[in-house]
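Text of input.txt, listed as compact mmCIF, C-alpha atoms and all ligand atoms:
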```txt
# COMPACT_ATOMS: atom_id res chain seq x y z
CA MET A 1 11.03 -72.80 -6.78
CA GLY A 2 7.79 -73.74 -8.50
CA ILE A 3 5.86 -73.59 -11.71
CA ASN A 4 4.56 -70.13 -12.46
CA GLY A 5 1.27 -70.70 -14.27
CA LYS A 6 -1.26 -73.34 -15.17
CA ILE A 7 -1.07 -76.47 -17.30
CA LEU A 8 -3.04 -76.11 -20.53
CA ILE A 9 -3.96 -79.39 -22.19
CA PHE A 10 -5.01 -79.40 -25.82
CA VAL A 11 -7.46 -82.24 -26.39
CA ASP A 12 -8.31 -83.26 -29.92
CA LEU A 13 -11.86 -84.63 -30.26
CA PRO A 14 -11.96 -86.89 -33.34
CA GLY A 15 -15.57 -87.04 -34.53
CA GLY A 16 -16.48 -84.76 -31.61
CA GLU A 17 -15.81 -87.58 -29.10
CA LEU A 18 -13.39 -87.72 -26.20
CA ASP A 19 -11.45 -90.80 -27.31
CA GLU A 20 -8.94 -93.00 -25.51
CA THR A 21 -6.05 -90.63 -26.26
CA GLY A 22 -8.03 -87.64 -24.96
CA ARG A 23 -9.01 -89.47 -21.78
CA GLY A 24 -5.42 -90.60 -21.30
CA LEU A 25 -4.19 -87.05 -21.72
CA LEU A 26 -6.67 -85.76 -19.12
CA SER A 27 -5.54 -88.45 -16.71
CA TYR A 28 -1.87 -87.63 -17.42
CA GLY A 29 -2.53 -83.88 -17.06
CA ALA A 30 -4.36 -84.30 -13.74
CA ARG A 31 -1.43 -86.33 -12.43
CA LEU A 32 1.10 -83.78 -13.74
CA ALA A 33 -0.82 -80.97 -12.04
CA GLY A 34 -0.45 -82.90 -8.78
CA ILE A 35 3.30 -83.38 -9.27
CA LEU A 36 3.85 -79.72 -10.20
CA ASP A 37 1.29 -78.42 -7.71
CA ALA A 38 -0.34 -76.39 -10.49
CA ASN A 39 -3.83 -75.60 -11.77
CA TRP A 40 -4.87 -77.04 -15.09
CA GLY A 41 -7.41 -76.57 -17.83
CA VAL A 42 -8.30 -77.87 -21.25
CA ALA A 43 -8.49 -76.27 -24.69
CA VAL A 44 -10.55 -77.87 -27.45
CA ALA A 45 -11.17 -77.00 -31.08
CA VAL A 46 -14.95 -77.54 -31.10
CA ALA A 47 -17.96 -75.35 -30.39
CA PRO A 48 -19.02 -75.14 -26.70
CA ASP A 49 -22.39 -76.80 -27.31
CA SER A 50 -20.74 -79.99 -28.59
CA VAL A 51 -18.45 -80.55 -25.59
CA GLN A 52 -19.37 -83.65 -23.56
CA LEU A 53 -19.03 -82.03 -20.15
CA ALA A 54 -19.65 -85.21 -18.15
CA ALA A 55 -16.83 -87.07 -19.93
CA PHE A 56 -14.39 -84.27 -19.10
CA GLY A 57 -15.82 -83.93 -15.60
CA ALA A 58 -15.09 -87.60 -14.87
CA TYR A 59 -11.40 -86.72 -15.04
CA GLY A 60 -11.79 -83.73 -12.72
CA THR A 61 -11.32 -81.18 -15.53
CA PRO A 62 -11.71 -77.74 -13.97
CA THR A 63 -12.05 -75.53 -17.09
CA ILE A 64 -12.62 -76.03 -20.80
CA THR A 65 -11.86 -73.32 -23.34
CA CYS A 66 -13.29 -73.68 -26.83
CA LEU A 67 -11.29 -72.06 -29.62
CA GLN A 68 -13.60 -70.17 -31.93
CA ASP A 69 -13.84 -71.72 -35.40
CA GLY A 70 -11.76 -74.57 -34.02
CA GLU A 71 -12.99 -77.17 -36.50
CA LYS A 72 -11.69 -75.07 -39.40
CA LEU A 73 -8.38 -74.56 -37.63
CA LEU A 74 -7.78 -78.30 -37.49
CA ASP A 75 -6.93 -78.24 -41.20
CA THR A 76 -4.40 -75.47 -40.73
CA PRO A 77 -2.24 -76.72 -37.86
CA ALA A 78 0.22 -73.82 -38.19
CA LEU A 79 -2.64 -71.40 -37.47
CA LEU A 80 -4.14 -73.63 -34.79
CA GLY A 81 -0.69 -73.67 -33.15
CA LYS A 82 -0.73 -69.87 -33.07
CA TYR A 83 -4.19 -69.90 -31.48
CA ILE A 84 -3.08 -72.32 -28.79
CA ALA A 85 0.06 -70.27 -28.07
CA GLN A 86 -2.00 -67.05 -27.82
CA LEU A 87 -4.52 -68.73 -25.52
CA ALA A 88 -1.63 -69.98 -23.38
CA LYS A 89 -0.33 -66.41 -23.12
CA ASP A 90 -3.80 -65.09 -22.22
CA GLU A 91 -4.34 -67.82 -19.62
CA LEU A 92 -0.81 -67.44 -18.23
CA ALA A 93 0.01 -71.06 -18.85
CA ALA A 94 3.41 -72.46 -17.93
CA VAL A 95 2.96 -75.87 -19.57
CA ILE A 96 1.13 -76.85 -22.74
CA LEU A 97 0.46 -80.55 -23.02
CA LEU A 98 -0.30 -82.23 -26.35
CA PRO A 99 -0.68 -85.85 -27.44
CA HIS A 100 2.23 -87.13 -29.52
CA ASN A 101 -0.03 -88.14 -32.39
CA ASP A 102 -0.02 -86.74 -35.90
CA LEU A 103 -1.77 -83.50 -34.92
CA GLY A 104 0.03 -82.98 -31.60
CA SER A 105 3.49 -83.55 -33.01
CA THR A 106 2.73 -81.07 -35.82
CA LEU A 107 1.42 -78.47 -33.38
CA ALA A 108 4.19 -78.76 -30.79
CA PRO A 109 7.02 -76.93 -32.63
CA VAL A 110 4.63 -74.18 -33.79
CA VAL A 111 3.29 -73.62 -30.28
CA ALA A 112 6.81 -73.71 -28.78
CA HIS A 113 8.03 -71.16 -31.33
CA GLU A 114 5.07 -68.80 -30.86
CA PHE A 115 5.10 -69.17 -27.08
CA LYS A 116 8.91 -68.93 -26.86
CA ALA A 117 8.81 -72.12 -24.83
CA ALA A 118 11.13 -75.05 -24.23
CA ILE A 119 9.97 -78.22 -25.93
CA MET A 120 10.05 -81.87 -24.85
CA THR A 121 8.50 -84.38 -27.21
CA GLU A 122 7.45 -87.92 -26.31
CA LEU A 123 7.56 -87.19 -22.61
CA ILE A 124 7.22 -90.30 -20.45
CA SER A 125 7.91 -89.37 -16.86
CA VAL A 126 8.09 -86.19 -14.80
CA ASN A 127 9.76 -85.97 -11.39
CA ARG A 128 10.47 -83.04 -9.08
CA SER A 129 14.13 -82.42 -8.28
CA ALA A 130 16.04 -79.77 -6.31
CA ASP A 131 16.94 -77.83 -9.46
CA GLY A 132 13.55 -78.02 -11.17
CA VAL A 133 11.77 -80.87 -12.83
CA ARG A 134 13.30 -83.93 -14.46
CA LEU A 135 11.66 -84.83 -17.75
CA SER A 136 12.35 -88.20 -19.34
CA ARG A 137 11.63 -89.44 -22.82
CA LYS A 138 12.46 -92.35 -25.05
CA ALA A 139 13.72 -91.43 -28.47
CA LEU A 140 14.56 -93.22 -31.72
CA GLY A 141 11.67 -95.61 -31.38
CA VAL A 142 12.38 -96.49 -27.77
CA ARG A 143 16.08 -97.14 -28.07
CA ILE A 144 17.40 -94.02 -26.29
CA ALA A 145 16.35 -92.93 -22.80
CA GLU A 146 16.96 -89.22 -22.28
CA THR A 147 16.44 -87.06 -19.21
CA ARG A 148 16.44 -83.26 -19.17
CA THR A 149 15.93 -80.72 -16.43
CA TRP A 150 13.32 -78.00 -16.84
CA ASP A 151 14.16 -75.02 -14.60
CA PHE A 152 10.85 -73.10 -15.12
CA SER A 153 12.70 -70.09 -16.65
CA ARG A 154 10.62 -70.52 -19.80
CA PRO A 155 7.27 -72.17 -20.39
CA LEU A 156 7.27 -75.76 -21.58
CA VAL A 157 5.53 -77.46 -24.48
CA ALA A 158 5.40 -81.23 -24.03
CA THR A 159 3.95 -84.05 -26.08
CA VAL A 160 3.12 -87.44 -24.56
CA PRO A 161 3.23 -90.63 -26.68
CA THR A 162 -0.18 -92.18 -26.95
CA ARG A 163 1.22 -95.55 -25.78
CA ALA A 164 2.16 -93.90 -22.45
CA LEU A 165 -1.37 -92.63 -21.90
CA SER A 166 -3.79 -94.56 -19.76
CA GLN A 167 -7.43 -93.59 -19.56
CA VAL A 168 -7.73 -95.33 -16.20
CA LEU A 169 -9.12 -92.96 -13.61
CA MET A 170 -6.82 -92.47 -10.65
CA PRO A 171 -8.56 -93.02 -7.30
CA THR A 172 -7.32 -89.59 -6.17
CA VAL A 173 -9.21 -87.82 -8.98
CA ARG A 174 -12.55 -86.33 -7.99
CA SER A 175 -15.11 -85.65 -10.68
CA SER A 176 -15.91 -82.03 -11.47
CA SER A 177 -18.41 -79.80 -13.23
CA PRO A 178 -16.08 -78.07 -15.68
CA SER A 179 -16.62 -74.40 -16.47
CA LEU A 180 -16.96 -73.82 -20.21
CA ALA A 181 -15.93 -70.70 -22.12
CA GLY A 182 -15.39 -69.68 -25.73
CA TRP A 183 -12.22 -67.86 -26.75
CA ARG A 184 -10.92 -65.96 -29.72
CA PRO A 185 -7.73 -63.93 -30.11
CA THR A 186 -8.20 -60.20 -29.56
CA ALA A 187 -6.20 -59.36 -32.71
CA PRO A 188 -6.50 -61.57 -35.81
CA LEU A 189 -3.68 -64.05 -36.21
CA SER A 190 -2.10 -64.30 -39.63
CA ALA A 191 -3.20 -67.19 -41.81
CA ALA A 192 -0.92 -70.16 -42.15
CA SER A 193 1.08 -70.56 -45.31
CA ALA A 194 0.33 -74.27 -45.58
CA THR A 195 -2.88 -76.23 -45.23
CA VAL A 196 -3.11 -79.95 -44.59
CA THR A 197 -5.16 -81.49 -47.38
CA CYS A 198 -4.89 -85.13 -46.37
CA ARG A 199 -3.62 -87.27 -43.48
CA ILE A 200 -2.57 -90.87 -44.00
CA PRO A 201 -2.31 -92.88 -40.79
CA PRO A 202 0.47 -95.48 -40.52
CA ASP A 203 -0.35 -98.90 -41.93
CA PRO A 204 -0.18 -101.46 -39.08
CA GLN A 205 1.04 -104.06 -41.59
CA THR A 206 4.17 -102.07 -42.40
CA VAL A 207 4.71 -99.71 -39.46
CA ASP A 208 7.94 -100.19 -37.48
CA LEU A 209 6.99 -102.60 -34.67
CA SER A 210 8.53 -100.31 -32.06
CA GLU A 211 5.84 -97.78 -33.02
CA ALA A 212 2.94 -100.25 -33.33
CA GLU A 213 -0.19 -99.76 -31.22
CA VAL A 214 -1.44 -103.37 -31.22
CA ILE A 215 0.70 -106.42 -32.02
CA PHE A 216 -0.33 -110.07 -32.41
CA SER A 217 2.79 -112.26 -32.36
CA ALA A 218 3.26 -115.81 -33.56
CA GLY A 219 5.51 -118.27 -31.73
CA LYS A 220 6.72 -121.75 -32.51
CA GLY A 221 3.33 -123.02 -31.32
CA CYS A 222 2.01 -121.95 -34.74
CA ASP A 223 2.21 -124.40 -37.64
CA PRO A 224 2.09 -123.17 -41.26
CA LYS A 225 -1.71 -123.27 -41.24
CA THR A 226 -2.28 -121.41 -37.97
CA PHE A 227 0.52 -119.00 -38.93
CA SER A 228 -1.29 -117.98 -42.12
CA GLN A 229 -4.60 -117.82 -40.22
CA LEU A 230 -2.97 -115.47 -37.74
CA LYS A 231 -1.65 -113.25 -40.53
CA GLU A 232 -5.13 -113.12 -42.01
CA LEU A 233 -6.57 -112.21 -38.60
CA CYS A 234 -4.06 -109.37 -38.26
CA LYS A 235 -5.11 -107.97 -41.64
CA LEU A 236 -8.79 -108.20 -40.76
CA LEU A 237 -8.30 -106.50 -37.41
CA ASN A 238 -5.83 -104.01 -38.89
CA VAL A 239 -3.20 -104.75 -36.25
CA SER A 240 0.53 -105.36 -36.53
CA PHE A 241 2.12 -108.75 -36.79
CA GLY A 242 5.21 -109.99 -34.93
CA VAL A 243 7.14 -113.25 -34.53
CA THR A 244 9.55 -114.94 -32.14
CA ARG A 245 13.08 -115.92 -33.04
CA PRO A 246 12.33 -119.55 -33.99
CA VAL A 247 9.59 -118.38 -36.34
CA TYR A 248 11.97 -115.90 -37.93
CA ASP A 249 14.59 -118.68 -38.16
CA LEU A 250 12.07 -120.78 -40.12
CA GLY A 251 12.11 -118.00 -42.73
CA TRP A 252 8.41 -117.23 -42.26
CA SER A 253 8.98 -113.50 -41.75
CA GLY A 254 11.54 -110.75 -42.17
CA PHE A 255 13.90 -109.73 -39.36
CA GLU A 256 11.95 -106.46 -38.88
CA ARG A 257 8.98 -108.51 -37.56
CA MET A 258 11.03 -110.27 -34.86
CA VAL A 259 10.29 -109.20 -31.30
CA GLY A 260 12.66 -109.61 -28.37
CA GLN A 261 16.19 -109.05 -27.19
CA THR A 262 17.78 -109.36 -30.63
CA GLY A 263 14.66 -108.20 -32.42
CA ARG A 264 12.47 -105.17 -31.79
CA THR A 265 11.68 -103.86 -28.32
CA VAL A 266 7.98 -103.08 -28.46
CA THR A 267 5.64 -100.98 -26.30
CA PRO A 268 2.16 -101.40 -27.78
CA ARG A 269 -1.16 -100.76 -26.07
CA LEU A 270 -1.89 -104.45 -26.51
CA TYR A 271 0.49 -107.36 -27.14
CA VAL A 272 -1.08 -110.72 -27.89
CA ALA A 273 1.33 -113.67 -27.70
CA LEU A 274 0.09 -116.77 -29.55
CA GLY A 275 1.96 -120.04 -29.08
CA ILE A 276 4.88 -118.27 -27.41
CA SER A 277 6.58 -119.95 -24.44
CA GLY A 278 7.80 -116.72 -22.82
CA SER A 279 11.60 -117.04 -22.77
CA MET A 280 13.48 -114.18 -21.15
CA HIS A 281 14.87 -113.22 -24.56
CA HIS A 282 11.35 -112.65 -25.83
CA VAL A 283 9.76 -111.23 -22.68
CA GLY A 284 12.62 -108.70 -22.35
CA GLY A 285 11.39 -107.10 -25.57
CA ILE A 286 7.68 -106.92 -24.65
CA LYS A 287 7.64 -106.18 -20.92
CA ASP A 288 6.82 -102.47 -21.39
CA SER A 289 3.66 -103.26 -23.36
CA ARG A 290 0.65 -101.75 -21.65
CA ARG A 291 -1.30 -105.02 -21.71
CA ILE A 292 -0.06 -108.53 -22.51
CA VAL A 293 -2.53 -111.27 -23.38
CA SER A 294 -1.22 -114.76 -24.07
CA ILE A 295 -2.64 -117.93 -25.54
CA ASN A 296 -0.80 -121.19 -25.07
CA SER A 297 -1.80 -124.84 -24.89
CA ASP A 298 0.52 -125.41 -21.91
CA SER A 299 -0.95 -124.00 -18.71
CA LYS A 300 2.55 -123.95 -17.19
CA ALA A 301 4.11 -121.87 -20.00
CA PRO A 302 6.35 -119.14 -18.52
CA ILE A 303 4.56 -116.50 -20.62
CA PHE A 304 1.53 -116.68 -18.31
CA PRO A 305 3.13 -115.12 -15.20
CA ASN A 306 4.33 -112.31 -17.49
CA SER A 307 0.84 -111.65 -18.87
CA ASP A 308 -2.07 -109.53 -17.73
CA GLU A 309 -4.44 -112.14 -19.08
CA GLY A 310 -3.78 -115.71 -20.20
CA PHE A 311 -5.85 -118.32 -22.02
CA VAL A 312 -5.03 -122.01 -22.20
CA ALA A 313 -6.10 -123.03 -25.70
CA ASP A 314 -4.94 -124.91 -28.77
CA LEU A 315 -4.35 -122.48 -31.64
CA LYS A 316 -5.47 -125.14 -34.12
CA GLU A 317 -8.93 -125.01 -32.59
CA LEU A 318 -9.01 -121.40 -31.54
CA LEU A 319 -7.77 -119.55 -34.62
CA PRO A 320 -10.30 -120.87 -37.17
CA ARG A 321 -13.14 -120.03 -34.77
CA LEU A 322 -11.70 -116.61 -34.04
CA LEU A 323 -11.30 -115.93 -37.76
CA ASP A 324 -14.90 -116.96 -38.45
CA GLN A 325 -16.21 -114.72 -35.70
CA VAL A 326 -14.17 -111.73 -36.84
CA LYS A 327 -15.24 -112.25 -40.46
CA ALA A 328 -18.86 -112.49 -39.37
CA ARG A 329 -18.53 -109.25 -37.40
CA ILE A 330 -16.79 -107.20 -40.06
CA GLY A 331 -18.35 -108.88 -43.07
CA GLY A 332 -15.85 -110.84 -45.13
CA ALA A 333 -12.16 -111.22 -45.82
CA ALA A 334 -9.66 -108.33 -45.89
C1 LIG B 401 21.23 -114.55 -27.37
C2 LIG B 401 19.83 -114.93 -27.69
C3 LIG B 401 18.98 -113.96 -28.15
C4 LIG B 401 17.64 -114.28 -28.44
N1 LIG B 401 16.82 -113.29 -28.90
C5 LIG B 401 15.53 -113.57 -29.12
C6 LIG B 401 14.60 -112.57 -29.55
O1 LIG B 401 14.96 -111.41 -29.79
N2 LIG B 401 13.31 -112.91 -29.72
C7 LIG B 401 12.84 -114.18 -29.48
O2 LIG B 401 11.64 -114.41 -29.62
N3 LIG B 401 13.70 -115.14 -29.10
C8 LIG B 401 15.02 -114.89 -28.92
N4 LIG B 401 15.86 -115.90 -28.55
C9 LIG B 401 15.31 -117.26 -28.47
C10 LIG B 401 14.63 -117.52 -27.15
O3 LIG B 401 15.56 -117.91 -26.15
C11 LIG B 401 13.54 -118.60 -27.28
O4 LIG B 401 14.12 -119.75 -27.81
C12 LIG B 401 12.38 -118.17 -28.15
O5 LIG B 401 11.89 -116.94 -27.74
C13 LIG B 401 11.25 -119.19 -28.06
O6 LIG B 401 10.30 -118.91 -29.05
P1 LIG B 401 8.86 -119.50 -29.01
O7 LIG B 401 8.19 -119.11 -27.75
O8 LIG B 401 8.20 -119.15 -30.29
O9 LIG B 401 9.09 -121.10 -29.08
P2 LIG B 401 9.02 -122.19 -27.98
O10 LIG B 401 9.86 -121.88 -26.82
O11 LIG B 401 9.28 -123.48 -28.68
O12 LIG B 401 7.50 -122.17 -27.48
C14 LIG B 401 6.41 -122.57 -28.24
C15 LIG B 401 5.19 -122.49 -27.35
O13 LIG B 401 4.04 -122.78 -28.11
C16 LIG B 401 3.15 -123.55 -27.33
N5 LIG B 401 2.33 -124.35 -28.25
C17 LIG B 401 2.69 -125.42 -28.99
N6 LIG B 401 1.67 -125.83 -29.76
C18 LIG B 401 0.62 -125.01 -29.49
C19 LIG B 401 -0.71 -124.93 -29.95
N7 LIG B 401 -1.19 -125.76 -30.88
N8 LIG B 401 -1.50 -123.95 -29.44
C20 LIG B 401 -1.05 -123.08 -28.51
N9 LIG B 401 0.21 -123.12 -28.03
C21 LIG B 401 1.04 -124.06 -28.52
C22 LIG B 401 4.04 -124.43 -26.46
O14 LIG B 401 3.36 -124.81 -25.28
C23 LIG B 401 5.20 -123.46 -26.19
O15 LIG B 401 5.02 -122.77 -24.97
C24 LIG B 401 17.19 -115.60 -28.27
C25 LIG B 401 18.06 -116.57 -27.79
C26 LIG B 401 19.37 -116.26 -27.53
C27 LIG B 401 20.28 -117.33 -27.03
```
Would you put the structure from the file into structure tokens?
Amino acid sequence: MGINGKILIFVDLPGGELDETGRGLLSYGARLAGILDANWGVAVAVAPDSVQLAAFGAYGTPTITCLQDGEKLLDTPALLGKYIAQLAKDELAAVILLPHNDLGSTLAPVVAHEFKAAIMTELISVNRSADGVRLSRKALGVRIAETRTWDFSRPLVATVPTRALSQVLMPTVRSSSPSLAGWRPTAPLSAASATVTCRIPPDPQTVDLSEAEVIFSAGKGCDPKTFSQLKELCKLLNVSFGVTRPVYDLGWSGFERMVGQTGRTVTPRLYVALGISGSMHHVGGIKDSRRIVSINSDSKAPIFPNSDEGFVADLKELLPRLLDQVKARIGGAA
């Protein structure tokens, strides 16, 4: 039993560029195609002459289909969803892959409805099994792990959380010269009833930490001065702010900012631990972060073996210099 059709990946190109999410999705799609032993291709909502072929080719992309008038469709996701579903029908796709960002999560139910497909949002892992394919996701932030079986009887629409996407090129991927084609539906598709007039991205200062992309966390190694410098740095860099239990116990932050076993479990792209020793109660809540960088004055702090990168430094010296450099780069206070 096998998948009966190709994998179609919809790649959003903010500002016309293949960004980190797009690269991660290509990498994920190429890997998925290997697991499912299927062909794959990409759909984009830009004109063919603005596609950066080399960037797609680096990920081994075989084909790129450009939806006609795609840029206009981006403001009417319900109509864009219909276009993607129709293209999937025309290209005999069995899987449509979308990023689980604002656009992708809006498109997914529309595409699934139009394509009469099963839907799996926030897909993390995919494994072959005797009865089909096991699809796993984490729901409710990351508190629930759920596994479902997809038996191929219907096509599948899947979204992948951006935090699970890695733009790292797999050594097995060979670069390609993608073929490029324009596409439009043969019969006009009806206009959407609703148009998006504005999109407001989440504010890193208030977003639930379990959803945060980048977190800088303060430990007991911060004193009141370095703590407020760190908060200022977070605002300037527009990243989220977390704390350890002792810092929460001092009353310096609300419970919703506490990271760890009794606090939030977090899975950001980047977790920066400042003045944090690395107790198991804290590390247990950050271990699924994509990259952990730690700064501690004690070179033997247990956080270091749990980090991708570690710096031995005194926050009292480091933070003022870091703040000055960031201010100089971005031109002033937040
Ligand atoms: C049941 C239970 C549940 C818990 N749940 C949680 C939880 O959810 N989250 C959590 O965080 N903790 C939790 N804890 C507490 C946990 O065990 C640790 O006590 C806590 O994580 C330690 O926090 P810390 O790293 O900020 O402080 P410390 O362990 O005191 O570490 C401070 C670090 O700062 C460094 N430092 C000091 N001065 C400087 C400086 N000037 N510059 C740079 N570095 C400096 C020190 O070298 C040290 O490594 C829990 C404990 C229990 C018993």
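If you measure from each of A:Ser175, A:Ser289, A:Asn238, A:Thr149 to A:Ser210 using only C-alpha atoms, the closest one turns out to be A:Ser289.
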Size and centre in Å, one decimal, axis-aligned box, all listed stretch 315-333 of chain A atoms plus 6 Å per side, as JSON:
```
{"center_x": -11.6, "center_y": -116.2, "center_z": -38.7, "size_x": 26.5, "size_y": 29.9, "size_z": 26.3}
```
Residues of chain A that have any atom at most 10 Å from an atom of ligand LIG 401 (chain B): could you tabulate them with the shortest-distance atom pair and the distance in Å to one decimal, using all atoms listed in the file, ordered by chain and increasing number, as a Markdown table?
```
| residue | atom | partner | partner_atom | distance |
| --- | --- | --- | --- | --- |
| A:Ser217 | CA | B:LIG401 | O8 | 9.0 |
| A:Ala218 | CA | B:LIG401 | O8 | 6.8 |
| A:Gly219 | CA | B:LIG401 | O8 | 3.2 |
| A:Lys220 | CA | B:LIG401 | O8 | 3.7 |
| A:Gly221 | CA | B:LIG401 | O13 | 3.3 |
| A:Cys222 | CA | B:LIG401 | C18 | 6.2 |
| A:Asp223 | CA | B:LIG401 | N7 | 7.7 |
| A:Thr226 | CA | B:LIG401 | N7 | 8.4 |
| A:Gly242 | CA | B:LIG401 | O2 | 9.4 |
| A:Val243 | CA | B:LIG401 | O2 | 6.8 |
| A:Thr244 | CA | B:LIG401 | O2 | 3.3 |
| A:Arg245 | CA | B:LIG401 | C7 | 4.0 |
| A:Pro246 | CA | B:LIG401 | O6 | 5.4 |
| A:Val247 | CA | B:LIG401 | O8 | 6.3 |
| A:Tyr248 | CA | B:LIG401 | O2 | 8.4 |
| A:Asp249 | CA | B:LIG401 | N3 | 9.8 |
| A:Phe255 | CA | B:LIG401 | O1 | 9.8 |
| A:Arg257 | CA | B:LIG401 | N2 | 10.0 |
| A:Met258 | CA | B:LIG401 | N2 | 6.2 |
| A:Val259 | CA | B:LIG401 | N2 | 5.0 |
| A:Gly260 | CA | B:LIG401 | O1 | 3.2 |
| A:Gln261 | CA | B:LIG401 | O1 | 3.7 |
| A:Thr262 | CA | B:LIG401 | O1 | 3.6 |
| A:Gly263 | CA | B:LIG401 | O1 | 4.2 |
| A:Arg264 | CA | B:LIG401 | O1 | 7.0 |
| A:Thr265 | CA | B:LIG401 | O1 | 8.4 |
| A:Ala273 | CA | B:LIG401 | O7 | 8.8 |
| A:Leu274 | CA | B:LIG401 | C20 | 6.5 |
| A:Gly275 | CA | B:LIG401 | O13 | 3.6 |
| A:Ile276 | CA | B:LIG401 | O7 | 3.4 |
| A:Ser277 | CA | B:LIG401 | O15 | 3.3 |
| A:Gly278 | CA | B:LIG401 | O7 | 5.5 |
| A:Ser279 | CA | B:LIG401 | O5 | 5.0 |
| A:Met280 | CA | B:LIG401 | O3 | 6.6 |
| A:His281 | CA | B:LIG401 | C5 | 4.6 |
| A:His282 | CA | B:LIG401 | O2 | 4.2 |
| A:Val283 | CA | B:LIG401 | O2 | 7.9 |
| A:Gly284 | CA | B:LIG401 | O1 | 8.3 |
| A:Gly285 | CA | B:LIG401 | O1 | 7.0 |
| A:Ile286 | CA | B:LIG401 | N2 | 9.7 |
| A:Ser294 | CA | B:LIG401 | N9 | 9.4 |
| A:Ile295 | CA | B:LIG401 | C20 | 6.2 |
| A:Asn296 | CA | B:LIG401 | N9 | 3.7 |
| A:Ser297 | CA | B:LIG401 | C20 | 4.1 |
| A:Asp298 | CA | B:LIG401 | O14 | 4.4 |
| A:Ser299 | CA | B:LIG401 | O14 | 7.9 |
| A:Lys300 | CA | B:LIG401 | O14 | 8.2 |
| A:Ala301 | CA | B:LIG401 | O15 | 5.1 |
| A:Pro302 | CA | B:LIG401 | O15 | 7.5 |
| A:Ile303 | CA | B:LIG401 | O15 | 7.6 |
| A:Phe304 | CA | B:LIG401 | O15 | 9.7 |
| A:Phe311 | CA | B:LIG401 | C20 | 9.4 |
| A:Val312 | CA | B:LIG401 | C20 | 7.5 |
| A:Ala313 | CA | B:LIG401 | C20 | 5.8 |
| A:Asp314 | CA | B:LIG401 | N8 | 3.6 |
| A:Leu315 | CA | B:LIG401 | N8 | 3.9 |
| A:Lys316 | CA | B:LIG401 | N7 | 5.4 |
| A:Glu317 | CA | B:LIG401 | N7 | 8.0 |
| A:Leu318 | CA | B:LIG401 | N8 | 8.2 |
| A:Leu319 | CA | B:LIG401 | N8 | 9.2 |
```
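Residues near the point (-1.9, -105.1, -34.5), at a distance of 10 Å or less over all atoms listed in the file, make up Asp203, Pro204, Gln205, Val207, Leu209, Ala212, Glu213, Val214, Ile215, Phe216, Ser217, Leu233, Cys234, Lys235, Leu236, Leu237, Asn238, Val239, Ser240, Phe241, Gly242, Pro268, Arg269, Leu270, Tyr271 and Val272 of chain A.
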Nearest to A:Ala30, chosen from A:Gly331, A:Glu146, A:Asp49, A:Phe56, with all atoms listed in the file counted in the distances = A:Phe56
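Among A:Met170, A:Ala93, A:Leu156, A:Cys198, the residue with the shortest atom-to-atom distance to A:Met120, counting all atoms listed in the file, is A:Leu156.
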Got a sec: who's within 7 Å of stretch 95-98 of chain A, counting only C-alpha atoms, leaving out chain neighbours fewer than 2 positions off, as a VMD selection string?
-> chain A and resid 6 to 10 93 100 104 155 to 160
Could you save the residues just selected, with C-alpha atoms, as a CSV table (one decimal), in the coordinates of the input?
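Writing done, so here's part_16.csv:
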```
chain,number,residue,atom,x,y,z
A,6,LYS,CA,-1.3,-73.3,-15.2
A,7,ILE,CA,-1.1,-76.5,-17.3
A,8,LEU,CA,-3.0,-76.1,-20.5
A,9,ILE,CA,-4.0,-79.4,-22.2
A,10,PHE,CA,-5.0,-79.4,-25.8
A,93,ALA,CA,0.0,-71.1,-18.8
A,100,HIS,CA,2.2,-87.1,-29.5
A,104,GLY,CA,0.0,-83.0,-31.6
A,155,PRO,CA,7.3,-72.2,-20.4
A,156,LEU,CA,7.3,-75.8,-21.6
A,157,VAL,CA,5.5,-77.5,-24.5
A,158,ALA,CA,5.4,-81.2,-24.0
A,159,THR,CA,4.0,-84.0,-26.1
A,160,VAL,CA,3.1,-87.4,-24.6
```
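Of note, atom CA of A:Ser129 and atom CA of A:Ile84 are spaced 28.6 Å apart.
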For A:Val46, work out the shell of residues within 9 Å, counting only C-alpha atoms and skipping chain neighbours fewer than 5 positions away, then give it as a PyMOL selection string.
-> chain A and resi 12-13+16+51+66-71
Please tell me which residues are no farther than 9 Å from (10.2, -89.8, -14.0) in the file, counting all atoms listed in the file, and write them as a PDB file with C-alpha atoms, in the frame of the given file.
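To be explicit, this is the file written out as selection_24.pdb:
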```pdb
ATOM      1  CA  ILE A 124       7.220 -90.300 -20.450  1.00  0.00           C
ATOM      2  CA  SER A 125       7.910 -89.370 -16.860  1.00  0.00           C
ATOM      3  CA  VAL A 126       8.090 -86.190 -14.800  1.00  0.00           C
ATOM      4  CA  ASN A 127       9.760 -85.970 -11.390  1.00  0.00           C
ATOM      5  CA  ARG A 128      10.470 -83.040  -9.080  1.00  0.00           C
ATOM      6  CA  ARG A 134      13.300 -83.930 -14.460  1.00  0.00           C
ATOM      7  CA  LEU A 135      11.660 -84.830 -17.750  1.00  0.00           C
ATOM      8  CA  SER A 136      12.350 -88.200 -19.340  1.00  0.00           C
ATOM      9  CA  ARG A 137      11.630 -89.440 -22.820  1.00  0.00           C
ATOM     10  CA  THR A 147      16.440 -87.060 -19.210  1.00  0.00           C
TER      11      THR A 147
END
```
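The interatomic distance for the pair atom CA of A:Ile200 and atom CA of A:Leu25 works out to 22.7 Å.
Using only C-alpha atoms for every distance, the candidate list A:Arg290, A:Arg199, A:Lys89, A:Lys327 yields A:Arg290 as the residue closest to A:Arg163.
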Closest of A:Ile3, A:Leu189, A:Ala33, A:Leu123 to A:Leu165 - atom-to-atom distances counting only C-alpha atoms | A:Leu123
